[in-house]
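Chemist: I have a structure I would like to understand better, so I am pasting it below and will then ask my questions one at a time.
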Amino acid sequence: MAGKPKLYYFDGRGKMESIRWLLAAAGVEFEEEFLETREQYEKLLKGGSLLFQQVPMVEIDGMKMVQTRAILSYIAAKHNLYGKDLKERALIDMYVGGTDDLMGFILMFPFLSAEDKEKQRAVIVQKATSRYFPAYEKVLKDHGQDFLVGNNFSWADVHLLEAILMVEEKKSDMLSGFPQLQAFKARISSIPTIKKFLEPGSQRKPVPDDKYVETVRRVLRMYYDIKAN
């Protein structure tokens with residue numbers, strides 16, 4: 001019997017958080033090893049565990065998987081969250097790609113200066129309200145179903161809810177003009193595995209703080225400044 005998946009990353013969100021979300025949505029228990037020192041990171045490098053010399057890395061089913069999208073695709077397929085046929089899988093990939101783009105504006109937010117954070121917050125709000133949220137609002141309105149693809153719970157739904165909550169952390173009333181997304185948020189949040197993950201004490205990580213930023217910079221030796229998009 002295979003053991004629990006083991007996640008290697010920092011004690012924070014970053015690129016690993018979507019993997020945590022998807023495993024939790026599938027009802028899969030997982031373990032984590034947090035990178036806190038450069039030595040831990042170099043040990044993984046020297047041991048050949050990081051194919052492209054970067055994290056996230058997940059040990060799962062006898063594999064040491066890297067590349068976030070590959071990890072997520074594997075988990076989704078394994079746990080029947082990736083559609084029933086090729087067409088549905090293509091739609092899921094398309095919707096996940098959109099939410100990835102939106103999340104990309106938020107991912108590096110903690111590493112920005114105070115001035116750049118305000119600029120980036122405005123970018124996030126503008127992109128969400130003018131490009132991404134209207135697209136998902138239309139999808140849900142046009143097909144009139146509870147989920148984004150095939151009227152079945154999928155990776156696309158998990159990813160969109162994660163993105164919605166991330167954007168709401170930047171501006172709490174972001175869904176005020178999107179009734180379909182408001183209903184979607186309530187519906188997906190009530191799914192038992194998702195509801196459990198959203199409760200205090202779960203392995204969901206909080207909004208990144210200064211300690212997280214300092215740890216990432218130290219371990220990865222990020223000595224350069226990051227600018228707003």
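Note on naming: chains are A, B, ... as they come in the structure tokens, residues start from 1 per chain, ligands start from 1 in the order shown.
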Residues near segment 108-116 of chain A, anyone? I mean within 10 Å using only C-alpha atoms, not counting same-chain ones fewer than 2 positions away, as an mmCIF file with N, CA and C atoms, in the first residue's frame.
Modeler:
```cif
data_model
loop_
_atom_site.group_PDB
_atom_site.id
_atom_site.type_symbol
_atom_site.label_atom_id
_atom_site.label_comp_id
_atom_site.auth_asym_id
_atom_site.auth_seq_id
_atom_site.Cartn_x
_atom_site.Cartn_y
_atom_site.Cartn_z
ATOM 1 N N GLY A 14 2.831 29.921 -1.912
ATOM 2 C CA GLY A 14 3.632 29.777 -3.114
ATOM 3 C C GLY A 14 2.993 28.833 -4.122
ATOM 4 N N MET A 103 -3.745 33.992 -10.787
ATOM 5 C CA MET A 103 -2.929 33.752 -9.596
ATOM 6 C C MET A 103 -1.504 34.272 -9.774
ATOM 7 N N GLY A 104 -1.039 34.283 -11.017
ATOM 8 C CA GLY A 104 0.309 34.760 -11.278
ATOM 9 C C GLY A 104 0.517 36.203 -10.858
ATOM 10 N N PHE A 105 -0.544 37.001 -10.917
ATOM 11 C CA PHE A 105 -0.440 38.390 -10.483
ATOM 12 C C PHE A 105 -0.331 38.501 -8.960
ATOM 13 N N ILE A 106 -0.727 37.432 -8.256
ATOM 14 C CA ILE A 106 -0.751 37.449 -6.792
ATOM 15 C C ILE A 106 0.450 36.731 -6.192
ATOM 16 N N GLU A 118 0.926 48.309 -3.636
ATOM 17 C CA GLU A 118 -0.281 49.082 -3.936
ATOM 18 C C GLU A 118 -0.538 49.116 -5.437
ATOM 19 N N LYS A 119 0.502 49.232 -6.221
ATOM 20 C CA LYS A 119 0.352 49.205 -7.676
ATOM 21 C C LYS A 119 -0.162 47.844 -8.129
ATOM 22 N N GLN A 120 0.411 46.790 -7.558
ATOM 23 C CA GLN A 120 0.031 45.437 -7.954
ATOM 24 C C GLN A 120 -1.390 45.106 -7.510
ATOM 25 N N ARG A 121 -1.799 45.628 -6.359
ATOM 26 C CA ARG A 121 -3.175 45.400 -5.899
ATOM 27 C C ARG A 121 -4.161 45.952 -6.931
ATOM 28 N N ALA A 122 -3.858 47.112 -7.453
ATOM 29 C CA ALA A 122 -4.728 47.711 -8.467
ATOM 30 C C ALA A 122 -4.749 46.871 -9.737
ATOM 31 N N ILE A 124 -4.262 43.592 -9.886
ATOM 32 C CA ILE A 124 -5.018 42.381 -9.572
ATOM 33 C C ILE A 124 -6.522 42.638 -9.670
ATOM 34 N N VAL A 207 -2.107 33.839 4.568
ATOM 35 C CA VAL A 207 -1.508 34.847 3.694
ATOM 36 C C VAL A 207 -0.021 34.962 4.033
ATOM 37 N N PRO A 208 0.852 34.923 3.036
ATOM 38 C CA PRO A 208 2.293 34.972 3.309
ATOM 39 C C PRO A 208 2.696 36.211 4.107
ATOM 40 N N ASP A 209 3.544 35.990 5.119
ATOM 41 C CA ASP A 209 4.005 37.093 5.952
ATOM 42 C C ASP A 209 5.499 37.337 5.743
ATOM 43 N N ASP A 210 6.068 38.259 6.522
ATOM 44 C CA ASP A 210 7.481 38.617 6.372
ATOM 45 C C ASP A 210 8.405 37.431 6.656
ATOM 46 N N TYR A 212 7.814 34.244 6.062
ATOM 47 C CA TYR A 212 7.809 33.394 4.870
ATOM 48 C C TYR A 212 8.717 33.977 3.794
ATOM 49 N N VAL A 213 8.581 35.278 3.546
ATOM 50 C CA VAL A 213 9.390 35.944 2.518
ATOM 51 C C VAL A 213 10.872 35.830 2.850
ATOM 52 N N GLU A 214 11.209 36.057 4.108
ATOM 53 C CA GLU A 214 12.604 35.984 4.536
ATOM 54 C C GLU A 214 13.165 34.568 4.339
ATOM 55 N N VAL A 216 12.126 32.176 2.216
ATOM 56 C CA VAL A 216 12.268 31.886 0.787
ATOM 57 C C VAL A 216 13.512 32.571 0.223
ATOM 58 N N ARG A 217 13.686 33.821 0.571
ATOM 59 C CA ARG A 217 14.854 34.559 0.072
ATOM 60 C C ARG A 217 16.156 33.923 0.555
ATOM 61 N N ASP A 225 15.577 42.408 -6.224
ATOM 62 C CA ASP A 225 14.248 42.970 -5.982
ATOM 63 C C ASP A 225 13.281 42.508 -7.058
ATOM 64 N N ILE A 226 12.049 42.298 -6.652
ATOM 65 C CA ILE A 226 10.989 41.922 -7.585
ATOM 66 C C ILE A 226 10.101 43.127 -7.806
ATOM 67 N N LYS A 227 9.768 43.389 -9.058
ATOM 68 C CA LYS A 227 8.963 44.551 -9.402
ATOM 69 C C LYS A 227 7.534 44.127 -9.739
ATOM 70 N N ALA A 228 6.623 45.081 -9.567
ATOM 71 C CA ALA A 228 5.219 44.821 -9.900
ATOM 72 C C ALA A 228 5.063 44.623 -11.398
ATOM 73 N N ASN A 229 4.022 43.884 -11.802
ATOM 74 C CA ASN A 229 3.762 43.673 -13.238
ATOM 75 C C ASN A 229 3.281 44.961 -13.886
#
```
Chemist: Need to verify the contact set: segment 189-195 of chain A, 10 Å, only C-alpha atoms, exclusion of same-chain residues closer than 4 positions in sequence. Can you return it as a list in words?
Modeler: Trp21, Leu22, Leu23, Ala24, Ala25, Ala26, Gly27, Val28, Phe153, Val158, Leu161, Glu162, Ala183, Phe184, Lys185 and Glu199 of chain A
Chemist: Export all heavy atoms of the chosen residues as a compact mmCIF listing (two decimals), in the first residue's frame?
Modeler:
```
# COMPACT_ATOMS: atom_id res chain seq x y z
N TRP A 21 -4.45 22.26 -2.06
CA TRP A 21 -5.89 22.39 -2.31
C TRP A 21 -6.43 21.16 -3.03
O TRP A 21 -7.47 20.62 -2.65
CB TRP A 21 -6.15 23.63 -3.18
CG TRP A 21 -6.47 24.89 -2.44
CD1 TRP A 21 -5.58 25.81 -1.95
CD2 TRP A 21 -7.77 25.39 -2.12
NE1 TRP A 21 -6.26 26.84 -1.35
CE2 TRP A 21 -7.60 26.61 -1.44
CE3 TRP A 21 -9.06 24.93 -2.35
CZ2 TRP A 21 -8.68 27.37 -0.98
CZ3 TRP A 21 -10.14 25.68 -1.89
CH2 TRP A 21 -9.94 26.89 -1.22
N LEU A 22 -5.74 20.71 -4.07
CA LEU A 22 -6.27 19.62 -4.87
C LEU A 22 -6.24 18.29 -4.11
O LEU A 22 -7.19 17.50 -4.19
CB LEU A 22 -5.49 19.51 -6.19
CG LEU A 22 -6.13 18.64 -7.27
CD1 LEU A 22 -7.55 19.12 -7.60
CD2 LEU A 22 -5.28 18.62 -8.52
N LEU A 23 -5.17 18.05 -3.38
CA LEU A 23 -5.12 16.84 -2.56
C LEU A 23 -6.24 16.86 -1.52
O LEU A 23 -6.92 15.85 -1.30
CB LEU A 23 -3.76 16.72 -1.87
CG LEU A 23 -2.58 16.31 -2.75
CD1 LEU A 23 -1.26 16.51 -2.00
CD2 LEU A 23 -2.71 14.85 -3.19
N ALA A 24 -6.43 18.00 -0.87
CA ALA A 24 -7.49 18.13 0.14
C ALA A 24 -8.86 17.90 -0.49
O ALA A 24 -9.72 17.22 0.07
CB ALA A 24 -7.41 19.49 0.81
N ALA A 25 -9.08 18.48 -1.68
CA ALA A 25 -10.37 18.32 -2.37
C ALA A 25 -10.64 16.86 -2.68
O ALA A 25 -11.79 16.41 -2.63
CB ALA A 25 -10.37 19.15 -3.65
N ALA A 26 -9.57 16.12 -2.98
CA ALA A 26 -9.71 14.69 -3.29
C ALA A 26 -9.81 13.83 -2.04
O ALA A 26 -9.99 12.61 -2.13
CB ALA A 26 -8.51 14.23 -4.13
N GLY A 27 -9.69 14.46 -0.86
CA GLY A 27 -9.76 13.72 0.39
C GLY A 27 -8.51 12.93 0.70
O GLY A 27 -8.56 11.93 1.43
N VAL A 28 -7.38 13.38 0.16
CA VAL A 28 -6.12 12.66 0.33
C VAL A 28 -5.30 13.31 1.45
O VAL A 28 -5.01 14.51 1.41
CB VAL A 28 -5.28 12.69 -0.97
CG1 VAL A 28 -3.93 12.01 -0.77
CG2 VAL A 28 -6.05 12.03 -2.11
N PHE A 153 -17.87 17.90 -10.28
CA PHE A 153 -16.81 18.56 -9.53
C PHE A 153 -15.46 18.19 -10.14
O PHE A 153 -15.18 17.00 -10.36
CB PHE A 153 -16.89 18.12 -8.08
CG PHE A 153 -15.88 18.74 -7.16
CD1 PHE A 153 -15.66 20.11 -7.14
CD2 PHE A 153 -15.15 17.95 -6.28
CE1 PHE A 153 -14.74 20.68 -6.28
CE2 PHE A 153 -14.23 18.50 -5.40
CZ PHE A 153 -14.02 19.87 -5.40
N VAL A 158 -11.95 23.58 -8.14
CA VAL A 158 -11.05 23.78 -7.00
C VAL A 158 -10.15 24.97 -7.24
O VAL A 158 -9.98 25.84 -6.37
CB VAL A 158 -10.19 22.51 -6.75
CG1 VAL A 158 -9.26 22.72 -5.56
CG2 VAL A 158 -11.07 21.29 -6.54
N LEU A 161 -12.03 28.39 -7.10
CA LEU A 161 -12.34 28.82 -5.74
C LEU A 161 -11.08 29.34 -5.04
O LEU A 161 -11.13 30.38 -4.36
CB LEU A 161 -12.94 27.67 -4.92
CG LEU A 161 -13.24 28.01 -3.46
CD1 LEU A 161 -14.25 29.16 -3.35
CD2 LEU A 161 -13.73 26.79 -2.69
N GLU A 162 -9.97 28.65 -5.22
CA GLU A 162 -8.72 29.13 -4.62
C GLU A 162 -8.39 30.53 -5.12
O GLU A 162 -8.03 31.42 -4.33
CB GLU A 162 -7.58 28.17 -4.96
CG GLU A 162 -6.24 28.59 -4.35
CD GLU A 162 -5.06 27.77 -4.83
OE1 GLU A 162 -5.24 26.86 -5.66
OE2 GLU A 162 -3.94 28.06 -4.37
N ALA A 183 -22.61 32.49 -6.06
CA ALA A 183 -23.27 31.20 -5.81
C ALA A 183 -22.28 30.05 -5.94
O ALA A 183 -22.32 29.08 -5.16
CB ALA A 183 -24.43 31.02 -6.79
N PHE A 184 -21.39 30.13 -6.93
CA PHE A 184 -20.37 29.11 -7.13
C PHE A 184 -19.47 29.00 -5.90
O PHE A 184 -19.20 27.90 -5.41
CB PHE A 184 -19.53 29.47 -8.36
CG PHE A 184 -18.33 28.60 -8.58
CD1 PHE A 184 -18.43 27.42 -9.30
CD2 PHE A 184 -17.09 28.96 -8.09
CE1 PHE A 184 -17.32 26.61 -9.51
CE2 PHE A 184 -15.97 28.16 -8.30
CZ PHE A 184 -16.09 26.99 -9.00
N LYS A 185 -19.04 30.13 -5.38
CA LYS A 185 -18.18 30.14 -4.19
C LYS A 185 -18.86 29.44 -3.02
O LYS A 185 -18.25 28.60 -2.34
CB LYS A 185 -17.83 31.58 -3.82
CG LYS A 185 -17.05 31.71 -2.52
CD LYS A 185 -16.91 33.17 -2.10
CE LYS A 185 -16.37 33.30 -0.69
NZ LYS A 185 -16.31 34.71 -0.23
N GLU A 199 -11.42 25.09 7.12
CA GLU A 199 -11.56 25.27 8.57
C GLU A 199 -10.20 25.50 9.23
O GLU A 199 -9.17 25.06 8.73
CB GLU A 199 -12.23 24.03 9.18
CG GLU A 199 -13.69 23.88 8.80
CD GLU A 199 -14.29 22.57 9.28
OE1 GLU A 199 -13.50 21.70 9.76
OE2 GLU A 199 -15.52 22.41 9.19
```
Chemist: Neighbouring residues of Ser18 of chain A were defined as those with any atom within 12 Å, considering only C-alpha atoms; residues of the same chain fewer than 5 positions away were excluded. Please report them as a ChimeraX atom specification.
Modeler: /A:7,12-13,23-25,56,68-69,71-73,75-76,96,99-100,103,107,155-163,166,203-205
Chemist: Using the selection just defined, write its residues with C-alpha atoms as a tab-separated table (two decimals), in the first residue's frame.
Modeler:
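Listing of result.tsv after writing:
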```tsv
chain	number	residue	atom	x	y	z
A	7	LEU	CA	5.29	17.62	-0.11
A	12	GLY	CA	3.73	28.94	3.11
A	13	ARG	CA	1.60	29.13	0.01
A	23	LEU	CA	-5.12	16.84	-2.56
A	24	ALA	CA	-7.49	18.13	0.14
A	25	ALA	CA	-10.37	18.32	-2.37
A	56	PRO	CA	7.71	22.24	-5.41
A	68	THR	CA	3.52	22.18	-10.52
A	69	ARG	CA	1.27	21.62	-13.53
A	71	ILE	CA	1.83	17.28	-10.30
A	72	LEU	CA	-1.65	18.79	-10.40
A	73	SER	CA	-2.57	16.95	-13.61
A	75	ILE	CA	-3.50	14.18	-8.90
A	76	ALA	CA	-6.58	15.32	-10.84
A	96	VAL	CA	-7.20	26.14	-14.98
A	99	THR	CA	-6.97	30.92	-13.09
A	100	ASP	CA	-3.23	30.26	-13.21
A	103	MET	CA	-2.93	33.75	-9.60
A	107	LEU	CA	2.03	34.88	-6.38
A	155	TRP	CA	-9.89	20.42	-10.69
A	156	ALA	CA	-11.19	23.52	-12.51
A	157	ASP	CA	-13.68	24.21	-9.70
A	158	VAL	CA	-11.05	23.78	-7.00
A	159	HIS	CA	-8.63	26.08	-8.77
A	160	LEU	CA	-11.22	28.79	-9.37
A	161	LEU	CA	-12.34	28.82	-5.74
A	162	GLU	CA	-8.72	29.13	-4.62
A	163	ALA	CA	-8.24	32.06	-7.00
A	166	MET	CA	-6.92	34.90	-3.04
A	203	GLN	CA	-2.94	22.33	6.14
A	204	ARG	CA	-4.10	25.38	4.20
A	205	LYS	CA	-1.51	28.11	4.58
```
Chemist: Using DSSP on the backbone, list every residue of segment 83-189 of chain A that comes out as alpha helix (DSSP H), and give them as JSON, numbers by chain.
Modeler: {"A": [86, 87, 88, 89, 90, 91, 92, 93, 94, 95, 96, 97, 98, 99, 100, 101, 102, 103, 104, 105, 106, 107, 114, 115, 116, 117, 118, 119, 120, 121, 122, 123, 124, 125, 126, 127, 133, 134, 135, 136, 137, 138, 139, 140, 141, 142, 143, 155, 156, 157, 158, 159, 160, 161, 162, 163, 164, 165, 166, 167, 168, 169, 170, 179, 180, 181, 182, 183, 184, 185, 186, 187, 188, 189]}
Chemist: Work out how far atom CA of Ile164 of chain A is from atom CA of Ala128 of chain A, in Å to one decimal.
Modeler: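 According to the coordinates, atom CA of Ala128 of chain A and atom CA of Ile164 of chain A are separated by 9.0 Å.
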Chemist: At a cut-off of 9 Å, using only C-alpha atoms, what residues contact segment 85-91 of chain A? Leave out same-chain residues fewer than 3 positions from it and give the result as a PyMOL selection string.
Modeler: chain A and resi 82+94-96+148-150+156
Chemist: Using DSSP on the backbone coordinates, identify all residues within segment 62-215 of chain A classified as strand (DSSP E); present the result as a ChimeraX atom specification.
Modeler: /A:63-66
Chemist: Quick one: everything within 10 Å of Met63 of chain A, counting only C-alpha atoms, minus sequence neighbours fewer than 6 positions away in the same chain. Send it as a count of residues only.
Modeler: 3
Chemist: Separation of atom CA of Pro200 of chain A and atom CA of Thr215 of chain A, in Å?
Modeler: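 Separating atom CA of Pro200 of chain A from atom CA of Thr215 of chain A is a distance of 23.4 Å.
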Chemist: To one decimal place, how far is atom CA of Val167 of chain A from atom CA of Lys211 of chain A in Å?
Modeler: 21.6 Å
Chemist: May I ask which of the residues A:Glu31, A:Ile188, A:Glu42, A:Tyr9 is the closest one to Arg221 of chain A, counting only C-alpha atoms?
Modeler: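 Among the listed residues, the smallest separation from Arg221 of chain A belongs to A:Glu42.
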Chemist: Which residues are close to Gln54 of chain A, i.e. within 12 Å by only C-alpha atoms, leaving aside same-chain residues fewer than 3 positions away? Reply as a CSV table (one decimal) with N, CA, C and O atoms, in the first residue's frame.
Modeler:
```csv
chain,number,residue,atom,x,y,z
A,8,TYR,N,7.4,18.7,-0.5
A,8,TYR,CA,8.6,19.4,-0.1
A,8,TYR,C,8.5,20.9,-0.6
A,8,TYR,O,8.5,21.2,-1.8
A,9,TYR,N,8.4,21.8,0.4
A,9,TYR,CA,8.3,23.2,0.0
A,9,TYR,C,8.5,24.0,1.3
A,9,TYR,O,8.9,23.5,2.4
A,10,PHE,N,8.2,25.3,1.2
A,10,PHE,CA,8.3,26.2,2.4
A,10,PHE,C,7.0,26.1,3.1
A,10,PHE,O,6.0,25.7,2.6
A,15,LYS,N,3.8,28.1,-4.9
A,15,LYS,CA,3.3,27.2,-5.9
A,15,LYS,C,2.8,25.9,-5.4
A,15,LYS,O,2.1,25.2,-6.1
A,16,MET,N,3.1,25.6,-4.1
A,16,MET,CA,2.6,24.4,-3.5
A,16,MET,C,1.2,24.5,-3.1
A,16,MET,O,0.5,23.4,-3.0
A,35,LEU,N,11.1,23.5,4.0
A,35,LEU,CA,12.4,23.9,3.8
A,35,LEU,C,12.7,25.2,4.6
A,35,LEU,O,12.0,26.2,4.4
A,41,TYR,N,17.8,22.4,1.2
A,41,TYR,CA,17.6,22.6,-0.2
A,41,TYR,C,18.7,22.0,-1.0
A,41,TYR,O,18.5,21.2,-2.0
A,42,GLU,N,19.9,22.2,-0.6
A,42,GLU,CA,21.1,21.7,-1.3
A,42,GLU,C,21.1,20.1,-1.2
A,42,GLU,O,21.6,19.5,-2.1
A,44,LEU,N,18.5,18.2,-1.2
A,44,LEU,CA,17.6,17.7,-2.3
A,44,LEU,C,18.3,17.8,-3.6
A,44,LEU,O,18.1,16.9,-4.5
A,45,LEU,N,19.0,18.9,-3.8
A,45,LEU,CA,19.7,19.1,-5.1
A,45,LEU,C,20.7,18.0,-5.3
A,45,LEU,O,20.8,17.3,-6.4
A,48,GLY,N,19.6,14.5,-6.2
A,48,GLY,CA,18.9,14.3,-7.4
A,48,GLY,C,17.4,14.3,-7.4
A,48,GLY,O,16.8,13.8,-8.3
A,49,SER,N,16.9,14.8,-6.3
A,49,SER,CA,15.4,14.8,-6.2
A,49,SER,C,14.7,15.9,-7.0
A,49,SER,O,13.5,15.8,-7.2
A,50,LEU,N,15.4,16.9,-7.3
A,50,LEU,CA,14.9,18.1,-8.0
A,50,LEU,C,15.3,18.1,-9.4
A,50,LEU,O,16.4,18.6,-9.8
A,51,LEU,N,14.6,17.5,-10.3
A,51,LEU,CA,15.0,17.3,-11.7
A,51,LEU,C,15.4,18.7,-12.4
A,51,LEU,O,16.4,18.7,-13.1
A,57,MET,N,8.3,20.0,-4.9
A,57,MET,CA,8.5,18.6,-5.2
A,57,MET,C,7.6,17.7,-4.4
A,57,MET,O,7.4,18.0,-3.2
A,58,VAL,N,7.0,16.7,-5.0
A,58,VAL,CA,6.1,15.8,-4.3
A,58,VAL,C,6.5,14.4,-4.5
A,58,VAL,O,6.6,14.0,-5.7
A,65,MET,N,8.0,13.9,-8.1
A,65,MET,CA,7.5,14.7,-9.1
A,65,MET,C,7.8,16.2,-8.9
A,65,MET,O,7.7,16.7,-7.8
A,66,VAL,N,8.2,16.9,-10.0
A,66,VAL,CA,8.4,18.3,-10.0
A,66,VAL,C,7.6,18.9,-11.1
A,66,VAL,O,7.0,18.1,-11.9
A,67,GLN,N,7.6,20.2,-11.2
A,67,GLN,CA,6.7,21.0,-12.1
A,67,GLN,C,5.3,20.9,-11.7
A,67,GLN,O,4.6,19.9,-11.7
A,68,THR,N,4.8,22.1,-11.2
A,68,THR,CA,3.5,22.2,-10.5
A,68,THR,C,2.4,21.7,-11.4
A,68,THR,O,1.5,20.9,-10.9
A,219,VAL,N,16.7,30.7,1.6
A,219,VAL,CA,16.9,29.4,1.1
A,219,VAL,C,17.3,29.4,-0.4
A,219,VAL,O,18.2,28.7,-0.8
A,220,LEU,N,16.6,30.2,-1.1
A,220,LEU,CA,16.8,30.3,-2.6
A,220,LEU,C,17.9,31.3,-3.0
A,220,LEU,O,18.2,31.5,-4.2
```
Chemist: Using only C-alpha atoms, which residues sit within 10 Å of Gly144 of chain A once same-chain residues fewer than 6 positions away are excluded, as an MDAnalysis selection string?
Modeler: chainID A and resid 138 151 180
Chemist: For all heavy atoms, I'd like the residues from the last selection saved as a PDB file, in the first residue's frame.
Modeler:
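And here's out.pdb as it stands now:
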```pdb
ATOM      1  N   LYS A 138     -19.675  34.141 -17.219  1.00  0.00           N
ATOM      2  CA  LYS A 138     -20.370  33.791 -18.460  1.00  0.00           C
ATOM      3  C   LYS A 138     -20.473  32.279 -18.636  1.00  0.00           C
ATOM      4  O   LYS A 138     -21.529  31.763 -19.045  1.00  0.00           O
ATOM      5  CB  LYS A 138     -19.633  34.399 -19.652  1.00  0.00           C
ATOM      6  CG  LYS A 138     -20.337  34.184 -20.995  1.00  0.00           C
ATOM      7  CD  LYS A 138     -19.595  34.871 -22.128  1.00  0.00           C
ATOM      8  CE  LYS A 138     -20.386  34.809 -23.423  1.00  0.00           C
ATOM      9  NZ  LYS A 138     -20.704  33.442 -23.851  1.00  0.00           N
ATOM     10  N   ASN A 151     -20.857  19.347 -15.498  1.00  0.00           N
ATOM     11  CA  ASN A 151     -21.688  19.288 -14.298  1.00  0.00           C
ATOM     12  C   ASN A 151     -21.179  18.279 -13.278  1.00  0.00           C
ATOM     13  O   ASN A 151     -21.951  17.628 -12.573  1.00  0.00           O
ATOM     14  CB  ASN A 151     -23.147  18.978 -14.640  1.00  0.00           C
ATOM     15  CG  ASN A 151     -24.091  19.531 -13.571  1.00  0.00           C
ATOM     16  OD1 ASN A 151     -23.761  20.496 -12.881  1.00  0.00           O
ATOM     17  ND2 ASN A 151     -25.258  18.935 -13.437  1.00  0.00           N
ATOM     18  N   GLN A 180     -23.240  34.812 -10.317  1.00  0.00           N
ATOM     19  CA  GLN A 180     -22.958  33.401 -10.579  1.00  0.00           C
ATOM     20  C   GLN A 180     -21.748  32.927  -9.783  1.00  0.00           C
ATOM     21  O   GLN A 180     -21.747  31.824  -9.226  1.00  0.00           O
ATOM     22  CB  GLN A 180     -22.704  33.179 -12.082  1.00  0.00           C
ATOM     23  CG  GLN A 180     -23.891  33.449 -12.975  1.00  0.00           C
ATOM     24  CD  GLN A 180     -24.998  32.430 -12.799  1.00  0.00           C
ATOM     25  OE1 GLN A 180     -24.758  31.282 -12.441  1.00  0.00           O
ATOM     26  NE2 GLN A 180     -26.227  32.849 -13.057  1.00  0.00           N
TER      27      GLN A 180
END
```
